[in-house]
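Working notes, beginning with the structure itself.
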Amino acid sequence: MTGRLAGKTAIVTGSSSGIGEGIARRFAAEGASVVTNSRSMERAEATAESIRDSGNTAVAAEADVSEKAEVEALVDAAVSEFGSLDVMVNNAGISHIDPVLEMPEEEWRRVIDVNLTGPFFGSQVAGERMAEQGDGGQIINISSIFGSIGVQGRAPYNASKGGLNNLTRNLAVELAEYDVGVNALAPGFIKTALDEQTREEKEGEDEDVDRSDRPWPRYGYEDGDIRDRVPLDRFGSTEEMANCATFLAEGDHYMTGEVIHADGGWLAFGWGSKGR
Ligand code: NAD
């Protein structure tokens, strides 16, 4: 197998859809042996099967990233199938939208468990394996621009991603001893199921509760809101995120502990609206 990631084994958590699926497909096309993952074996296998149908290499493994024993089984599956683990992509993520004063405790805990504790377990277990192998490795945490800013209705998501950014720096410092690079890729708005879910929650909320007298009547967004806020004037694509992840996975960059924003200029744009 040839390609930029030939000879490497990679796990991509949450790769049954969206950004994770795009990364898994691209890594496999670049010659990596890929382990796809989801909480459902059926959904993980659907991505793996379609990668194999394209003539590339993938197996599926079911695991909930918020359960350490399941993450250990995921890493074991990669090593027993392909003999090593070189790249760990902690991509699985969820959101819950509610005003902070109404945020249910269980939703706060669920988002933190999946988005922050999940990558901690993923990095800990993968890092241990990479240290044992003695050949370095790359860990890529999929963060968000929301890890660097406040946005109404998204306290657990934004806290999880802000925590993930600094977890990335801490892991980079500690795992450098084993030549394991740790970086975060922080996307802006990408068209995926998570993006769709945010729209639906907004529509549901608008039907149930009149928020028109609140300082933040809207928790969701429409395409036009994003275009108005993004200098590049469009959403990003899963293929573009996969390009960034491939560069990080190659490991030929002297970068560790970085948070790379791929956001069409969102964070750079101080004005905040093109005033359409
Ligand atoms: P998505 O909903 O399409 O994909 C999320 C994936 O995670 C799915 O495969 C889902 O099955 C999986 N998943 C959820 N909980 C899991 C768990 N406990 N264990 C294992 N798998 C689990 O969403 P997406 O937009 O592709 O999001 C992927 C990552 O990108 C997330 O971390 C998200 O926060 C981040 N992100 C997305 C955007 C965007 O605009 N779409 C922007 C910034 C960051």
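The way I read the labels, and the way they are meant: chains A, B, ... in the order of the structure tokens, residue 1 as the first residue of every chain, and ligand 1 as the first ligand shown, with later ones counted on from there.
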Self-check item: DSSP-assigned helix (DSSP H, G or I) members of region 212-264 of chain A, reported as number ranges by chain
Solution: A: 223-229, 238-250
Exercise. Using only C-alpha atoms, determine which residues lie at most 12 Å from Glu81 (chain A), disregarding the query and same-chain residues fewer than 2 positions distant; provide the list as a list of chain:residue names.
Key: A:Thr9, A:Ala10, A:Ile11, A:Ser33, A:Val34, A:Val35, A:Thr57, A:Ala58, A:Val59, A:Ala60, A:Ala61, A:Ala73, A:Leu74, A:Val75, A:Asp76, A:Ala77, A:Ala78, A:Val79, A:Gly83, A:Ser84, A:Leu85
Could those residues be written to a file, using N, CA, C and O atoms, as a PDB file, in the first residue's frame?
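Written file, out39.pdb:
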```
ATOM      1  N   THR A   9      -1.173   2.396  11.482  1.00  0.00           N
ATOM      2  CA  THR A   9      -2.497   1.981  11.952  1.00  0.00           C
ATOM      3  C   THR A   9      -3.131   3.149  12.694  1.00  0.00           C
ATOM      4  O   THR A   9      -2.479   3.781  13.532  1.00  0.00           O
ATOM      5  N   ALA A  10      -4.398   3.432  12.370  1.00  0.00           N
ATOM      6  CA  ALA A  10      -5.091   4.559  12.997  1.00  0.00           C
ATOM      7  C   ALA A  10      -6.455   4.145  13.519  1.00  0.00           C
ATOM      8  O   ALA A  10      -7.172   3.375  12.863  1.00  0.00           O
ATOM      9  N   ILE A  11      -6.799   4.667  14.686  1.00  0.00           N
ATOM     10  CA  ILE A  11      -8.165   4.557  15.211  1.00  0.00           C
ATOM     11  C   ILE A  11      -8.818   5.919  15.043  1.00  0.00           C
ATOM     12  O   ILE A  11      -8.209   6.945  15.374  1.00  0.00           O
ATOM     13  N   SER A  33      -4.052   1.504   7.810  1.00  0.00           N
ATOM     14  CA  SER A  33      -5.020   0.492   8.248  1.00  0.00           C
ATOM     15  C   SER A  33      -5.854   1.158   9.322  1.00  0.00           C
ATOM     16  O   SER A  33      -5.314   1.636  10.332  1.00  0.00           O
ATOM     17  N   VAL A  34      -7.166   1.203   9.105  1.00  0.00           N
ATOM     18  CA  VAL A  34      -8.022   2.043   9.953  1.00  0.00           C
ATOM     19  C   VAL A  34      -8.981   1.188  10.778  1.00  0.00           C
ATOM     20  O   VAL A  34      -9.560   0.225  10.279  1.00  0.00           O
ATOM     21  N   VAL A  35      -9.137   1.582  12.040  1.00  0.00           N
ATOM     22  CA  VAL A  35     -10.202   1.012  12.878  1.00  0.00           C
ATOM     23  C   VAL A  35     -11.285   2.068  13.004  1.00  0.00           C
ATOM     24  O   VAL A  35     -11.041   3.155  13.536  1.00  0.00           O
ATOM     25  N   THR A  57      -8.096  -0.546   3.597  1.00  0.00           N
ATOM     26  CA  THR A  57      -8.088  -1.473   4.731  1.00  0.00           C
ATOM     27  C   THR A  57      -8.764  -0.868   5.957  1.00  0.00           C
ATOM     28  O   THR A  57      -8.347   0.195   6.438  1.00  0.00           O
ATOM     29  N   ALA A  58      -9.788  -1.559   6.469  1.00  0.00           N
ATOM     30  CA  ALA A  58     -10.464  -1.083   7.689  1.00  0.00           C
ATOM     31  C   ALA A  58     -11.186  -2.225   8.381  1.00  0.00           C
ATOM     32  O   ALA A  58     -11.687  -3.139   7.722  1.00  0.00           O
ATOM     33  N   VAL A  59     -11.211  -2.168   9.708  1.00  0.00           N
ATOM     34  CA  VAL A  59     -12.093  -3.033  10.497  1.00  0.00           C
ATOM     35  C   VAL A  59     -12.883  -2.125  11.437  1.00  0.00           C
ATOM     36  O   VAL A  59     -12.484  -0.983  11.706  1.00  0.00           O
ATOM     37  N   ALA A  60     -13.978  -2.657  11.960  1.00  0.00           N
ATOM     38  CA  ALA A  60     -14.840  -1.862  12.844  1.00  0.00           C
ATOM     39  C   ALA A  60     -14.721  -2.357  14.277  1.00  0.00           C
ATOM     40  O   ALA A  60     -14.471  -3.541  14.518  1.00  0.00           O
ATOM     41  N   ALA A  61     -14.900  -1.446  15.240  1.00  0.00           N
ATOM     42  CA  ALA A  61     -14.941  -1.831  16.655  1.00  0.00           C
ATOM     43  C   ALA A  61     -15.953  -0.946  17.373  1.00  0.00           C
ATOM     44  O   ALA A  61     -15.920   0.273  17.242  1.00  0.00           O
ATOM     45  N   ALA A  73     -10.530  -1.869  25.080  1.00  0.00           N
ATOM     46  CA  ALA A  73     -10.862  -2.939  24.115  1.00  0.00           C
ATOM     47  C   ALA A  73     -10.691  -2.435  22.678  1.00  0.00           C
ATOM     48  O   ALA A  73     -10.268  -3.186  21.790  1.00  0.00           O
ATOM     49  N   LEU A  74     -10.978  -1.160  22.460  1.00  0.00           N
ATOM     50  CA  LEU A  74     -10.833  -0.567  21.116  1.00  0.00           C
ATOM     51  C   LEU A  74      -9.356  -0.569  20.688  1.00  0.00           C
ATOM     52  O   LEU A  74      -9.018  -0.961  19.569  1.00  0.00           O
ATOM     53  N   VAL A  75      -8.488  -0.139  21.594  1.00  0.00           N
ATOM     54  CA  VAL A  75      -7.048  -0.110  21.274  1.00  0.00           C
ATOM     55  C   VAL A  75      -6.532  -1.549  21.101  1.00  0.00           C
ATOM     56  O   VAL A  75      -5.758  -1.835  20.175  1.00  0.00           O
ATOM     57  N   ASP A  76      -6.996  -2.464  21.954  1.00  0.00           N
ATOM     58  CA  ASP A  76      -6.596  -3.876  21.821  1.00  0.00           C
ATOM     59  C   ASP A  76      -7.021  -4.419  20.451  1.00  0.00           C
ATOM     60  O   ASP A  76      -6.275  -5.181  19.823  1.00  0.00           O
ATOM     61  N   ALA A  77      -8.212  -4.012  19.995  1.00  0.00           N
ATOM     62  CA  ALA A  77      -8.708  -4.500  18.693  1.00  0.00           C
ATOM     63  C   ALA A  77      -7.784  -4.042  17.571  1.00  0.00           C
ATOM     64  O   ALA A  77      -7.455  -4.816  16.660  1.00  0.00           O
ATOM     65  N   ALA A  78      -7.328  -2.780  17.652  1.00  0.00           N
ATOM     66  CA  ALA A  78      -6.427  -2.254  16.607  1.00  0.00           C
ATOM     67  C   ALA A  78      -5.120  -3.035  16.598  1.00  0.00           C
ATOM     68  O   ALA A  78      -4.616  -3.434  15.537  1.00  0.00           O
ATOM     69  N   VAL A  79      -4.574  -3.273  17.799  1.00  0.00           N
ATOM     70  CA  VAL A  79      -3.263  -3.928  17.888  1.00  0.00           C
ATOM     71  C   VAL A  79      -3.384  -5.392  17.478  1.00  0.00           C
ATOM     72  O   VAL A  79      -2.522  -5.916  16.760  1.00  0.00           O
ATOM     73  N   GLY A  83      -1.359  -5.083  14.520  1.00  0.00           N
ATOM     74  CA  GLY A  83      -0.024  -5.249  15.112  1.00  0.00           C
ATOM     75  C   GLY A  83       0.542  -4.023  15.802  1.00  0.00           C
ATOM     76  O   GLY A  83       1.562  -4.124  16.501  1.00  0.00           O
ATOM     77  N   SER A  84      -0.061  -2.835  15.622  1.00  0.00           N
ATOM     78  CA  SER A  84       0.479  -1.632  16.282  1.00  0.00           C
ATOM     79  C   SER A  84      -0.603  -0.553  16.279  1.00  0.00           C
ATOM     80  O   SER A  84      -1.652  -0.717  15.663  1.00  0.00           O
ATOM     81  N   LEU A  85      -0.307   0.533  16.977  1.00  0.00           N
ATOM     82  CA  LEU A  85      -1.177   1.710  16.894  1.00  0.00           C
ATOM     83  C   LEU A  85      -0.283   2.939  16.729  1.00  0.00           C
ATOM     84  O   LEU A  85       0.584   3.200  17.564  1.00  0.00           O
TER      85      LEU A  85
END
```
Set out as a Markdown table a contact list for chain A and ligand 1 with a cut-off of 6 Å, giving each residue of chain A that qualifies its closest atom pair and distance in Å to one decimal, counting only C-alpha atoms and all ligand atoms, ordered by chain and rising residue number.
```
| residue | atom | partner | partner_atom_place_in_ligand_line | distance |
| --- | --- | --- | --- | --- |
| A:Thr13 | CA | ligand 1 | 21 (N) | 5.8 |
| A:Gly14 | CA | ligand 1 | 7 (O) | 3.5 |
| A:Ser15 | CA | ligand 1 | 9 (O) | 4.7 |
| A:Ser16 | CA | ligand 1 | 9 (O) | 4.0 |
| A:Ser17 | CA | ligand 1 | 3 (O) | 4.4 |
| A:Gly18 | CA | ligand 1 | 26 (O) | 3.4 |
| A:Ile19 | CA | ligand 1 | 26 (O) | 3.8 |
| A:Gly20 | CA | ligand 1 | 26 (O) | 5.6 |
| A:Ser38 | CA | ligand 1 | 21 (N) | 4.2 |
| A:Arg39 | CA | ligand 1 | 20 (C) | 4.8 |
| A:Ala63 | CA | ligand 1 | 20 (C) | 5.7 |
| A:Asp64 | CA | ligand 1 | 19 (N) | 3.5 |
| A:Val65 | CA | ligand 1 | 19 (N) | 4.1 |
| A:Ser66 | CA | ligand 1 | 18 (N) | 5.5 |
| A:Asn91 | CA | ligand 1 | 32 (O) | 4.7 |
| A:Ala92 | CA | ligand 1 | 7 (O) | 3.6 |
| A:Gly93 | CA | ligand 1 | 32 (O) | 3.6 |
| A:Ile94 | CA | ligand 1 | 14 (C) | 5.6 |
| A:Val114 | CA | ligand 1 | 18 (N) | 5.1 |
| A:Ile142 | CA | ligand 1 | 32 (O) | 5.2 |
| A:Ser143 | CA | ligand 1 | 44 (C) | 5.4 |
| A:Ser144 | CA | ligand 1 | 43 (C) | 4.0 |
| A:Pro187 | CA | ligand 1 | 43 (C) | 4.3 |
| A:Gly188 | CA | ligand 1 | 42 (C) | 4.9 |
| A:Phe189 | CA | ligand 1 | 40 (O) | 3.6 |
| A:Ile190 | CA | ligand 1 | 40 (O) | 3.6 |
| A:Lys191 | CA | ligand 1 | 41 (N) | 5.6 |
| A:Thr192 | CA | ligand 1 | 25 (O) | 4.7 |
| A:Ala193 | CA | ligand 1 | 3 (O) | 4.2 |
| A:Leu194 | CA | ligand 1 | 2 (O) | 4.1 |
| A:Asp195 | CA | ligand 1 | 41 (N) | 5.1 |
```
Self-check item: CA of Met103 (chain A) to CA of Glu62 (chain A), straight-line distance in Å
Solution: 29.5 Å
Quiz prompt | Non-local contacts of Arg229 (chain A) (8 Å; only C-alpha atoms; under 3 positions in same chain excluded) as a PyMOL selection string | solution = chain A and resi 225-226+233+266+269+272-274
For those residues, write all heavy atoms to a file as a compact mmCIF listing (two decimals), in the first residue's frame.
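The file below, result-v5.txt, is the result:
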```
# COMPACT_ATOMS: atom_id res chain seq x y z
N ASP A 225 -26.70 32.84 8.67
CA ASP A 225 -25.99 33.35 9.85
C ASP A 225 -24.51 33.00 9.78
O ASP A 225 -23.63 33.78 10.15
CB ASP A 225 -26.56 32.73 11.15
CG ASP A 225 -28.02 33.05 11.35
OD1 ASP A 225 -28.44 34.14 10.93
OD2 ASP A 225 -28.74 32.21 11.91
N ILE A 226 -24.24 31.77 9.32
CA ILE A 226 -22.85 31.30 9.28
C ILE A 226 -22.09 32.04 8.17
O ILE A 226 -20.99 32.55 8.39
CB ILE A 226 -22.81 29.77 9.04
CG1 ILE A 226 -23.60 29.04 10.12
CG2 ILE A 226 -21.36 29.27 8.97
CD1 ILE A 226 -23.27 29.39 11.54
N ASP A 233 -17.03 32.83 3.70
CA ASP A 233 -18.40 32.89 3.18
C ASP A 233 -19.03 31.52 2.90
O ASP A 233 -19.91 31.41 2.05
CB ASP A 233 -18.44 33.75 1.91
CG ASP A 233 -19.77 34.49 1.80
OD1 ASP A 233 -20.18 35.11 2.80
OD2 ASP A 233 -20.40 34.42 0.74
N TRP A 266 -13.34 32.41 11.04
CA TRP A 266 -14.30 32.80 12.09
C TRP A 266 -13.61 33.52 13.26
O TRP A 266 -14.02 34.63 13.65
CB TRP A 266 -15.04 31.56 12.59
CG TRP A 266 -15.99 31.81 13.73
CD1 TRP A 266 -15.66 32.18 15.01
CD2 TRP A 266 -17.42 31.74 13.71
NE1 TRP A 266 -16.78 32.31 15.78
CE2 TRP A 266 -17.88 32.06 15.00
CE3 TRP A 266 -18.35 31.41 12.73
CZ2 TRP A 266 -19.23 32.06 15.33
CZ3 TRP A 266 -19.69 31.42 13.07
CH2 TRP A 266 -20.12 31.75 14.34
N PHE A 269 -12.13 37.04 12.73
CA PHE A 269 -13.04 38.12 12.30
C PHE A 269 -13.58 38.86 13.53
O PHE A 269 -14.53 38.42 14.17
CB PHE A 269 -14.18 37.50 11.49
CG PHE A 269 -15.10 38.48 10.84
CD1 PHE A 269 -14.71 39.79 10.58
CD2 PHE A 269 -16.37 38.09 10.46
CE1 PHE A 269 -15.57 40.68 9.96
CE2 PHE A 269 -17.24 38.98 9.84
CZ PHE A 269 -16.83 40.28 9.59
N GLY A 272 -17.55 40.46 13.41
CA GLY A 272 -18.57 39.50 13.78
C GLY A 272 -19.74 39.40 12.83
O GLY A 272 -20.53 38.47 12.91
N SER A 273 -19.89 40.34 11.91
CA SER A 273 -20.98 40.26 10.94
C SER A 273 -20.60 41.11 9.73
O SER A 273 -20.03 42.18 9.87
CB SER A 273 -22.28 40.79 11.55
OG SER A 273 -23.22 41.03 10.52
N LYS A 274 -20.92 40.61 8.54
CA LYS A 274 -20.65 41.39 7.34
C LYS A 274 -21.75 42.42 7.11
O LYS A 274 -21.71 43.17 6.14
CB LYS A 274 -20.52 40.47 6.14
CG LYS A 274 -19.31 39.55 6.25
CD LYS A 274 -19.29 38.57 5.10
CE LYS A 274 -18.41 37.40 5.43
NZ LYS A 274 -18.86 36.18 4.78
```
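For the residues A:Asn141, A:Ser123, A:Thr2, A:Gln152, ranking by smallest atom-to-atom distance to Leu101 (chain A) using only C-alpha atoms places A:Gln152 first.
Distance annotation: of A:Leu185, A:Met88, A:Ile145, A:Ile23, the residue with the minimal separation from Leu267 (chain A) is A:Ile145; atom set is only C-alpha atoms.
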Exercise. Please identify all polymer residues within 8 Å of Gly137 (chain A), counting only C-alpha atoms, omitting same-chain residues fewer than 6 positions from it, and present them as a PyMOL selection string.
Key: chain A and resi 85-87+130+179-181+251
Export of the given selection (C-alpha atoms) as a CSV table (one decimal), in the first residue's frame:
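Output file again25.csv is given in full below:
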```csv
chain,number,residue,atom,x,y,z
A,85,LEU,CA,-1.2,1.7,16.9
A,86,ASP,CA,0.4,4.8,15.4
A,87,VAL,CA,-2.4,7.4,15.2
A,130,MET,CA,2.6,4.0,21.8
A,179,ASP,CA,7.9,11.0,20.9
A,180,VAL,CA,4.1,11.1,20.8
A,181,GLY,CA,2.8,14.3,19.3
A,251,GLY,CA,3.8,13.6,12.1
```
Quiz item: Looking only at the backbone, which of the residues in region 120-217 of chain A does DSSP tag as strand (DSSP E or B), as a ChimeraX atom specification?
Solution: /A:137-142,180-187,190
Atoms to include: C-alpha atoms. Write the selected residues as a JSON list (two decimals), in the first residue's frame.
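The resulting file, part-v7.json, is shown below:
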```
[["chain", "number", "residue", "atom", "x", "y", "z"],
["A", 137, "GLY", "CA", 2.90, 8.30, 17.42],
["A", 138, "GLN", "CA", 0.36, 11.04, 16.87],
["A", 139, "ILE", "CA", -2.78, 11.85, 18.85],
["A", 140, "ILE", "CA", -5.31, 14.21, 17.26],
["A", 141, "ASN", "CA", -8.12, 15.65, 19.37],
["A", 142, "ILE", "CA", -11.07, 17.07, 17.45],
["A", 180, "VAL", "CA", 4.14, 11.10, 20.81],
["A", 181, "GLY", "CA", 2.81, 14.32, 19.29],
["A", 182, "VAL", "CA", -0.55, 15.61, 20.52],
["A", 183, "ASN", "CA", -2.45, 18.31, 18.66],
["A", 184, "ALA", "CA", -6.04, 19.51, 18.42],
["A", 185, "LEU", "CA", -7.91, 20.30, 15.23],
["A", 186, "ALA", "CA", -10.61, 22.86, 15.97],
["A", 187, "PRO", "CA", -13.14, 23.13, 13.13],
["A", 190, "ILE", "CA", -18.95, 21.86, 8.98]]
```
Self-check item: Residue nearest Cys244 (chain A) - candidates A:Ala262, A:Pro231, A:Thr36, A:Arg25, atoms counted: only C-alpha atoms
Solution: A:Ala262
Quiz item: Out of A:Ala126, A:Leu116, A:Ala6, A:Ala29, which residue has the shortest atom-to-atom distance to Leu164 (chain A) when counting only C-alpha atoms?
Solution: A:Leu116
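Proximity of A:Gly265, A:Gly224, A:Gly257, A:Gly122 to Gly236 (chain A), computed with only C-alpha atoms, is greatest for A:Gly265.
As for CA of Gly22 (chain A) and CA of Gly264 (chain A), they are spaced 18.3 Å apart.
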Practice problem: Have a look at CA of Phe247 (chain A) and CA of Gly134 (chain A) and let me know their distance in Å, one decimal. | Solution: 21.7 Å
Exercise. Compare A:Gly147, A:Gly220, A:Gly7, A:Gly127 by their minimum atom-to-atom distance to Ile97 (chain A), counting only C-alpha atoms, and give me the closest one.
Key: A:Gly220
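Counting only C-alpha atoms, Phe121 (chain A) has the following residues at most 7 Å away, ignoring those fewer than 4 positions along the same chain: A:Lys68, A:Val71, A:Thr117, A:Val125.
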